[in-house]
Amino acid sequence: MDVRDWGTFLLPYEQTVEELKVKFKTMRAELKKREEYAPIEFVTGRVKRISSILDKAKRLNVPMDQLETGIEDIAGIRIMCQFVEDIRRVAEYIRARKDLTVLYEKDYITNFKESGYRSFHMIIEYPVQTALGQKKVLAEIQIRTLAMNFWATIEHSLSYKYRESLPDDIRARLKKAGEAANTLDTEMSSIREDILEAQRQFEDESNITTQVLNAIHKLYFFHLVNEAIAFQSRFNAIWQDHDMDEMKVLLDEVKELLAAAKKKVNEDEL
């Protein structure tokens, strides 16, 4: 009988999941700053439940003393992308990393399952630093589009309910839904550039708006109250008309006034 302390056994996996989530979220932020677009939409992670570990060990005939090598997805990371094309790009970034080792990959996008399941899996070895020293932990990274993830989440819930013995009618409907999700991904890819351009425009306009409001607020620190009120009134009118060209002009004027105010303060201090 296995009498292990499961809490202690799972600690390295919990640490692995938390560290990898931070690293991939940081990767997303860096790519967004460098290229104004990140192929990673968001990142989640989980440690497999004890009951799921036991079920999988039984299904795969993995002895209890070989769980660490026999079950590769006790630690799991899921990376969501907007477009199918982004999945390959994210996989390349992961292969290039020096802080983990990719052991092998499973391409369920090109070779999707009969059920309709689509995803790209990477089994990695990650060296986690525990209180007792370094430990190499196996983890699975799943890279999917949002549509793939929606389908897989529903399929997983139904499989759990029916203990992986899905009724034929539900199985057929799931497969049809998987095809629909794939059609959605294909359509989104066909208008990818239009979508990205719209997203870039939204980001640019949002940034300009934030800069204007922050700059107007700073005027109060220089006791330029009347000027701040006047600029705020202009901002409100421009915002109503959604005239971003005029918003840029306003930003330049507020920045110019701020620069003059700062210069005057510096001169007074000399």
# chains A, B, ... in the order shown; residues from 1 in each chain; ligands from 1
$ select_by_dssp --residues "region 57-244 of chain A" --states "helix (DSSP H, G or I)" --output "JSON, numbers by chain"
{"A": [57, 58, 59, 60, 64, 65, 66, 67, 68, 69, 70, 84, 85, 86, 87, 88, 89, 90, 91, 92, 93, 94, 95, 146, 147, 148, 149, 150, 151, 152, 153, 154, 155, 156, 157, 158, 159, 160, 161, 168, 169, 170, 171, 172, 173, 174, 175, 176, 177, 178, 179, 180, 181, 182, 183, 184, 185, 186, 187, 188, 189, 190, 192, 193, 194, 195, 196, 197, 198, 199, 200, 201, 202, 203, 204, 205, 206, 207, 208, 209, 210, 211, 212, 213, 214, 215, 216, 217, 218, 219, 220, 221, 222, 225, 226, 227, 228, 229, 230, 231, 232, 233, 234, 235, 236, 237, 238, 239, 240, 241, 244]}
$ residues_around --residues "region 117-131 of chain A" --least-positions-apart "6" --cutoff "10 Å" --atoms "only C-alpha atoms" --output "MDAnalysis selection string"
chainID A and resid 11:13 15:17 19:20 72:73 76:79 84 87:88 91 94:95 99:111 137:145 147:149 151:152 155 174:175 178:179 181:182
$ atom_distance --atom1 "CA of Ser51 (chain A)" --atom2 "CA of Arg4 (chain A)"
14.0 Å
$ closest_residue --among "A:Lys262, A:Asp204, A:Ile191, A:Trp239" --to "His223 (chain A)" --atoms "only C-alpha atoms"
A:Lys262
